[in-house]
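Novice: What follows is a single structure, and I will ask about it in a moment.
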Amino acid sequence: MLPHCTGPIEVLVGIGNPGSRYRNTPHNVGFEVLDALAEQLGLDWTFLDSIAFTHTKLKVKTILLVKPQKQVNNTGKCLKWLSDQLGFRAEDCILVQDDVHLPLGKLRARARGSDGGHKGVRSALVAFQTMEFRRLKIGVAQAGQPASAADYLVTPFTSEAAATIDPAINAAVDRLLSMLGKA
């Protein structure tokens with residue numbers, strides 16, 4: 001059963017692919033950030049149809065953490081279904097995503113904008129017909145990245161890359177809390 005959300009809501013959407021095959025890959029840093037945040041807040045995930053979610057109250061806002069359980073390219077479809085059920089808008093969301101154009105471990109927040117080539121973000125923009133999604137991007141670019149970005153994005157991080165990305169995930173949790181006005 002979906003949570004009953006009253007009052008202001010902030011929806012944090014981790015972009016990633018479901019399943020253990022994609023764990024610790026560049027495309028799943030959005031999921032990993034939300035997992036780390038849920039753990040820090042002592043929250044447990046509920047799985048329902050095409051989403052995993054958990055929620056809490058921070059100050060007067062309901063904070064809903066969402067991990068779509070379809071491939072990255074279908075993020076928008078899952079999120080739009082949830083929006084239709086709960087009544088939130090794109091402006092209420094923060095997309096937490098990987099970015100192959102940012103250096104490994106670098107964070108960048110954006111208030112709105114284009115998809116930047118990210119198919120999961122593109123699917124959300126198309127589903128909601130707006131670019132008004134806030135973003136928190138985690139850089140996953142590496143020197144010597146393979147020619148096929150598609151293969152790189154679903155290949156587990158090397159131990160060297162993990163040594164950079166793990167602290168970035170923790171920094172992203174802090175940044176999200178700051179964006180929510182709690183830090």
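Chain labels run A, B, ... following the order of the structure tokens; each chain numbers its residues from 1, and ligands are numbered from 1 in the order shown.
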Could you give me, as a count of residues only, the residues within 9 Å of Asn170 of chain A, counting only C-alpha atoms and dropping anything in the same chain fewer than 6 positions from it?
Specialist: 3
Novice: Which residues, written as a PyMOL selection string, have at least one atom at most 6 Å from Gln97 of chain A, with only C-alpha atoms counted and residues fewer than 3 positions away on the same chain left out?
Specialist: chain A and resi 15+30+137
Novice: Can you write out as CSV which residues of segment 48-95 of chain A fall within 7 Å of segment 109-120 of chain A, alongside each residue's closest atom pair and its distance in Å to one decimal, counting only C-alpha atoms and ordering rows by chain and ascending residue number?
Specialist:
```
residue,atom,partner,partner_atom,distance
A:Val72,CA,A:Gly120,CA,4.8
A:Asn73,CA,A:Gly120,CA,4.7
A:Asn74,CA,A:Gly120,CA,6.6
A:Thr75,CA,A:Gly120,CA,5.4
A:Gly76,CA,A:Gly120,CA,7.0
```
Novice: Ranking A:Ile9, A:Ser148, A:Leu153, A:Thr46 by minimum distance to Val60 of chain A and counting only C-alpha atoms, which one comes first?
Specialist: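 Smallest distance to Val60 of chain A is found for A:Ile9.
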Novice: I'd like the contact shell of Gln71 of chain A - 9 Å cut-off, only C-alpha atoms, skipping same-chain residues fewer than 5 positions apart - returned as a list in words.
Specialist: Gly16, Asn17, Pro18 and Gly120 of chain A
Novice: Report as a PDB file with N, CA and C atoms, in the first residue's frame all protein, DNA and RNA residues lying within 12 Å of segment 171-183 of chain A, evaluated on only C-alpha atoms, omitting residues in the same chain fewer than 5 positions from it.
Specialist:
```pdb
ATOM      1  N   PRO A   8       3.007  19.365   2.466  1.00  0.00           N
ATOM      2  CA  PRO A   8       4.112  19.447   1.508  1.00  0.00           C
ATOM      3  C   PRO A   8       4.852  18.113   1.388  1.00  0.00           C
ATOM      4  N   ILE A   9       5.279  17.807   0.174  1.00  0.00           N
ATOM      5  CA  ILE A   9       5.995  16.554  -0.081  1.00  0.00           C
ATOM      6  C   ILE A   9       7.245  16.843  -0.909  1.00  0.00           C
ATOM      7  N   GLU A  10       8.301  16.140  -0.589  1.00  0.00           N
ATOM      8  CA  GLU A  10       9.526  16.140  -1.389  1.00  0.00           C
ATOM      9  C   GLU A  10       9.743  14.691  -1.801  1.00  0.00           C
ATOM     10  N   VAL A  11       9.932  14.469  -3.096  1.00  0.00           N
ATOM     11  CA  VAL A  11      10.111  13.119  -3.622  1.00  0.00           C
ATOM     12  C   VAL A  11      11.543  12.995  -4.133  1.00  0.00           C
ATOM     13  N   LEU A  12      12.314  12.137  -3.502  1.00  0.00           N
ATOM     14  CA  LEU A  12      13.691  11.880  -3.913  1.00  0.00           C
ATOM     15  C   LEU A  12      13.678  10.622  -4.760  1.00  0.00           C
ATOM     16  N   VAL A  13      14.116  10.747  -6.006  1.00  0.00           N
ATOM     17  CA  VAL A  13      14.034   9.644  -6.963  1.00  0.00           C
ATOM     18  C   VAL A  13      15.439   9.193  -7.323  1.00  0.00           C
ATOM     19  N   GLY A  14      15.792   7.998  -6.902  1.00  0.00           N
ATOM     20  CA  GLY A  14      17.065   7.412  -7.298  1.00  0.00           C
ATOM     21  C   GLY A  14      16.904   6.788  -8.669  1.00  0.00           C
ATOM     22  N   VAL A  29      24.333   4.697  -9.079  1.00  0.00           N
ATOM     23  CA  VAL A  29      24.704   5.533  -7.935  1.00  0.00           C
ATOM     24  C   VAL A  29      23.482   6.248  -7.350  1.00  0.00           C
ATOM     25  N   GLY A  30      22.475   6.535  -8.148  1.00  0.00           N
ATOM     26  CA  GLY A  30      21.249   7.144  -7.615  1.00  0.00           C
ATOM     27  C   GLY A  30      20.584   6.237  -6.592  1.00  0.00           C
ATOM     28  N   PHE A  31      20.503   4.947  -6.892  1.00  0.00           N
ATOM     29  CA  PHE A  31      19.961   3.973  -5.942  1.00  0.00           C
ATOM     30  C   PHE A  31      20.828   3.928  -4.685  1.00  0.00           C
ATOM     31  N   GLU A  32      22.141   3.918  -4.874  1.00  0.00           N
ATOM     32  CA  GLU A  32      23.051   3.786  -3.733  1.00  0.00           C
ATOM     33  C   GLU A  32      22.959   4.990  -2.798  1.00  0.00           C
ATOM     34  N   VAL A  33      22.782   6.177  -3.366  1.00  0.00           N
ATOM     35  CA  VAL A  33      22.619   7.374  -2.533  1.00  0.00           C
ATOM     36  C   VAL A  33      21.347   7.251  -1.695  1.00  0.00           C
ATOM     37  N   LEU A  34      20.251   6.830  -2.318  1.00  0.00           N
ATOM     38  CA  LEU A  34      19.003   6.693  -1.565  1.00  0.00           C
ATOM     39  C   LEU A  34      19.087   5.577  -0.536  1.00  0.00           C
ATOM     40  N   ASP A  35      19.779   4.488  -0.862  1.00  0.00           N
ATOM     41  CA  ASP A  35      19.979   3.422   0.132  1.00  0.00           C
ATOM     42  C   ASP A  35      20.739   3.951   1.341  1.00  0.00           C
ATOM     43  N   ALA A  36      21.785   4.737   1.094  1.00  0.00           N
ATOM     44  CA  ALA A  36      22.578   5.302   2.191  1.00  0.00           C
ATOM     45  C   ALA A  36      21.744   6.282   3.019  1.00  0.00           C
ATOM     46  N   LEU A  37      20.914   7.086   2.360  1.00  0.00           N
ATOM     47  CA  LEU A  37      20.054   8.022   3.072  1.00  0.00           C
ATOM     48  C   LEU A  37      19.020   7.266   3.917  1.00  0.00           C
ATOM     49  N   ALA A  38      18.396   6.260   3.332  1.00  0.00           N
ATOM     50  CA  ALA A  38      17.404   5.465   4.072  1.00  0.00           C
ATOM     51  C   ALA A  38      18.045   4.817   5.302  1.00  0.00           C
ATOM     52  N   GLU A  39      19.247   4.302   5.133  1.00  0.00           N
ATOM     53  CA  GLU A  39      19.946   3.685   6.262  1.00  0.00           C
ATOM     54  C   GLU A  39      20.225   4.726   7.346  1.00  0.00           C
ATOM     55  N   GLN A  40      20.701   5.897   6.948  1.00  0.00           N
ATOM     56  CA  GLN A  40      20.998   6.962   7.910  1.00  0.00           C
ATOM     57  C   GLN A  40      19.745   7.378   8.681  1.00  0.00           C
ATOM     58  N   LEU A  41      18.595   7.386   8.009  1.00  0.00           N
ATOM     59  CA  LEU A  41      17.342   7.793   8.638  1.00  0.00           C
ATOM     60  C   LEU A  41      16.615   6.629   9.311  1.00  0.00           C
ATOM     61  N   LYS A  57       8.912  11.886   7.852  1.00  0.00           N
ATOM     62  CA  LYS A  57       8.623  13.323   7.985  1.00  0.00           C
ATOM     63  C   LYS A  57       9.897  14.009   8.436  1.00  0.00           C
ATOM     64  N   LEU A  58      10.237  15.105   7.791  1.00  0.00           N
ATOM     65  CA  LEU A  58      11.316  15.979   8.232  1.00  0.00           C
ATOM     66  C   LEU A  58      10.694  17.355   8.380  1.00  0.00           C
ATOM     67  N   LYS A  59      10.724  17.865   9.602  1.00  0.00           N
ATOM     68  CA  LYS A  59      10.020  19.111   9.910  1.00  0.00           C
ATOM     69  C   LYS A  59       8.553  18.899   9.539  1.00  0.00           C
ATOM     70  N   VAL A  60       7.986  19.703   8.656  1.00  0.00           N
ATOM     71  CA  VAL A  60       6.568  19.550   8.312  1.00  0.00           C
ATOM     72  C   VAL A  60       6.357  18.847   6.978  1.00  0.00           C
ATOM     73  N   LYS A  61       7.435  18.466   6.315  1.00  0.00           N
ATOM     74  CA  LYS A  61       7.329  17.857   4.990  1.00  0.00           C
ATOM     75  C   LYS A  61       7.361  16.332   5.067  1.00  0.00           C
ATOM     76  N   THR A  62       6.594  15.708   4.174  1.00  0.00           N
ATOM     77  CA  THR A  62       6.736  14.282   3.943  1.00  0.00           C
ATOM     78  C   THR A  62       7.868  14.109   2.943  1.00  0.00           C
ATOM     79  N   ILE A  63       8.808  13.246   3.269  1.00  0.00           N
ATOM     80  CA  ILE A  63       9.915  12.939   2.374  1.00  0.00           C
ATOM     81  C   ILE A  63       9.700  11.516   1.870  1.00  0.00           C
ATOM     82  N   LEU A  64       9.537  11.384   0.572  1.00  0.00           N
ATOM     83  CA  LEU A  64       9.310  10.091  -0.057  1.00  0.00           C
ATOM     84  C   LEU A  64      10.538   9.731  -0.875  1.00  0.00           C
ATOM     85  N   LEU A  65      11.148   8.603  -0.562  1.00  0.00           N
ATOM     86  CA  LEU A  65      12.291   8.104  -1.325  1.00  0.00           C
ATOM     87  C   LEU A  65      11.769   7.028  -2.259  1.00  0.00           C
ATOM     88  N   ASP A  92       8.205  18.933  -7.214  1.00  0.00           N
ATOM     89  CA  ASP A  92       8.341  18.358  -5.881  1.00  0.00           C
ATOM     90  C   ASP A  92       9.449  17.305  -5.820  1.00  0.00           C
ATOM     91  N   CYS A  93      10.067  17.023  -6.960  1.00  0.00           N
ATOM     92  CA  CYS A  93      11.024  15.919  -7.068  1.00  0.00           C
ATOM     93  C   CYS A  93      12.472  16.396  -7.151  1.00  0.00           C
ATOM     94  N   ILE A  94      13.349  15.544  -6.665  1.00  0.00           N
ATOM     95  CA  ILE A  94      14.783  15.679  -6.901  1.00  0.00           C
ATOM     96  C   ILE A  94      15.234  14.352  -7.513  1.00  0.00           C
ATOM     97  N   LEU A  95      15.730  14.404  -8.746  1.00  0.00           N
ATOM     98  CA  LEU A  95      16.266  13.210  -9.397  1.00  0.00           C
ATOM     99  C   LEU A  95      17.717  13.047  -8.968  1.00  0.00           C
ATOM    100  N   VAL A  96      18.063  11.884  -8.460  1.00  0.00           N
ATOM    101  CA  VAL A  96      19.432  11.587  -8.037  1.00  0.00           C
ATOM    102  C   VAL A  96      19.990  10.646  -9.093  1.00  0.00           C
ATOM    103  N   GLN A  97      21.001  11.113  -9.822  1.00  0.00           N
ATOM    104  CA  GLN A  97      21.434  10.424 -11.032  1.00  0.00           C
ATOM    105  C   GLN A  97      22.951  10.384 -11.186  1.00  0.00           C
ATOM    106  N   ASP A  98      23.396   9.462 -12.007  1.00  0.00           N
ATOM    107  CA  ASP A  98      24.793   9.432 -12.443  1.00  0.00           C
ATOM    108  C   ASP A  98      24.963  10.428 -13.576  1.00  0.00           C
ATOM    109  N   GLY A 105      33.075  11.100  -8.854  1.00  0.00           N
ATOM    110  CA  GLY A 105      32.908  11.569  -7.486  1.00  0.00           C
ATOM    111  C   GLY A 105      32.484  13.013  -7.325  1.00  0.00           C
ATOM    112  N   LYS A 106      32.467  13.789  -8.397  1.00  0.00           N
ATOM    113  CA  LYS A 106      32.071  15.205  -8.296  1.00  0.00           C
ATOM    114  C   LYS A 106      30.550  15.299  -8.235  1.00  0.00           C
ATOM    115  N   LEU A 107      30.043  16.195  -7.386  1.00  0.00           N
ATOM    116  CA  LEU A 107      28.602  16.409  -7.269  1.00  0.00           C
ATOM    117  C   LEU A 107      28.212  17.728  -7.917  1.00  0.00           C
ATOM    118  N   ARG A 108      27.027  17.748  -8.494  1.00  0.00           N
ATOM    119  CA  ARG A 108      26.492  18.994  -9.046  1.00  0.00           C
ATOM    120  C   ARG A 108      24.977  18.982  -8.886  1.00  0.00           C
ATOM    121  N   ALA A 109      24.447  20.047  -8.315  1.00  0.00           N
ATOM    122  CA  ALA A 109      22.997  20.203  -8.198  1.00  0.00           C
ATOM    123  C   ALA A 109      22.528  21.160  -9.279  1.00  0.00           C
ATOM    124  N   ARG A 110      21.350  20.886  -9.823  1.00  0.00           N
ATOM    125  CA  ARG A 110      20.744  21.766 -10.824  1.00  0.00           C
ATOM    126  C   ARG A 110      19.288  21.975 -10.463  1.00  0.00           C
ATOM    127  N   ALA A 111      18.792  23.162 -10.719  1.00  0.00           N
ATOM    128  CA  ALA A 111      17.401  23.483 -10.414  1.00  0.00           C
ATOM    129  C   ALA A 111      16.445  22.959 -11.485  1.00  0.00           C
ATOM    130  N   ARG A 134      14.349  19.138 -10.168  1.00  0.00           N
ATOM    131  CA  ARG A 134      15.658  19.420  -9.583  1.00  0.00           C
ATOM    132  C   ARG A 134      16.506  18.156  -9.711  1.00  0.00           C
ATOM    133  N   ARG A 135      17.813  18.325  -9.752  1.00  0.00           N
ATOM    134  CA  ARG A 135      18.703  17.174  -9.932  1.00  0.00           C
ATOM    135  C   ARG A 135      19.850  17.226  -8.943  1.00  0.00           C
ATOM    136  N   LEU A 136      20.300  16.076  -8.555  1.00  0.00           N
ATOM    137  CA  LEU A 136      21.584  15.930  -7.890  1.00  0.00           C
ATOM    138  C   LEU A 136      22.341  14.904  -8.716  1.00  0.00           C
ATOM    139  N   LYS A 137      23.418  15.375  -9.344  1.00  0.00           N
ATOM    140  CA  LYS A 137      24.213  14.537 -10.235  1.00  0.00           C
ATOM    141  C   LYS A 137      25.477  14.093  -9.519  1.00  0.00           C
ATOM    142  N   ILE A 138      25.826  12.828  -9.711  1.00  0.00           N
ATOM    143  CA  ILE A 138      27.058  12.275  -9.159  1.00  0.00           C
ATOM    144  C   ILE A 138      27.922  11.867 -10.348  1.00  0.00           C
ATOM    145  N   GLY A 139      29.099  12.467 -10.436  1.00  0.00           N
ATOM    146  CA  GLY A 139      29.989  12.176 -11.557  1.00  0.00           C
ATOM    147  C   GLY A 139      30.511  10.751 -11.525  1.00  0.00           C
ATOM    148  N   THR A 164      36.772   6.240  -4.688  1.00  0.00           N
ATOM    149  CA  THR A 164      36.372   7.622  -4.938  1.00  0.00           C
ATOM    150  C   THR A 164      34.859   7.781  -4.850  1.00  0.00           C
ATOM    151  N   ILE A 165      34.125   6.815  -5.362  1.00  0.00           N
ATOM    152  CA  ILE A 165      32.666   6.964  -5.433  1.00  0.00           C
ATOM    153  C   ILE A 165      32.006   6.769  -4.072  1.00  0.00           C
ATOM    154  N   ASP A 166      32.535   5.913  -3.216  1.00  0.00           N
ATOM    155  CA  ASP A 166      31.908   5.680  -1.910  1.00  0.00           C
ATOM    156  C   ASP A 166      31.818   6.954  -1.073  1.00  0.00           C
TER     157      ASP A 166
END
```
Novice: Please identify all polymer residues within 8 Å of Ala127 of chain A, counting only C-alpha atoms, omitting same-chain residues fewer than 2 positions from it, and present them as a list in words.
Specialist: Gly76, Lys77, Lys80, Ser123, Ala124, Leu125 and Gln129 of chain A
Novice: Measuring between only C-alpha atoms, which one of A:Leu86, A:Leu48, A:Val121, A:Val100 shows the shortest distance to Pro26 of chain A?
Specialist: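 Of the candidates, the smallest distance to Pro26 of chain A is held by A:Val100.
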Novice: Can you tell me, as a ChimeraX atom specification, which residues in chain A count as alpha helix (DSSP H) by DSSP?
Specialist: /A:29-41,75-86,119-128,149-153,159-179
Novice: Which one of A:Ser20, A:Ala52, A:Glu91, A:Gly7 sits closest to Thr130 of chain A if you count only C-alpha atoms?
Specialist: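 Nearest to Thr130 of chain A: A:Glu91.
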Novice: So the first atom is atom CA of Gly42 of chain A and the second is atom CA of Phe88 of chain A; what is the distance between them in Å, to one decimal place?
Specialist: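 Taking atom CA of Gly42 of chain A and atom CA of Phe88 of chain A, their separation equals 24.0 Å.
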Novice: Quick one: of A:Leu79, A:Ile51, A:Leu43, A:Val66, who's nearest to Phe128 of chain A, counting only C-alpha atoms?
Specialist: A:Leu79
Novice: Could you please write out, as a PyMOL selection string, every residue of segment 38-181 of chain A that DSSP assigns to strand (DSSP E or B)?
Specialist: chain A and resi 46-48+51-58+61-68+93-103+107-110+134-141
Novice: Could you tell me how far atom CA of Lys70 of chain A sits from atom CA of Val154 of chain A, in Å to one decimal place?
Specialist: 14.5 Å
Novice: So which one's closest to Leu82 of chain A, A:Ala162, A:Ser50, A:His55, A:Leu102? Using only C-alpha atoms, please.
Specialist: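 The answer is A:Ser50, which sits nearest to Leu82 of chain A.
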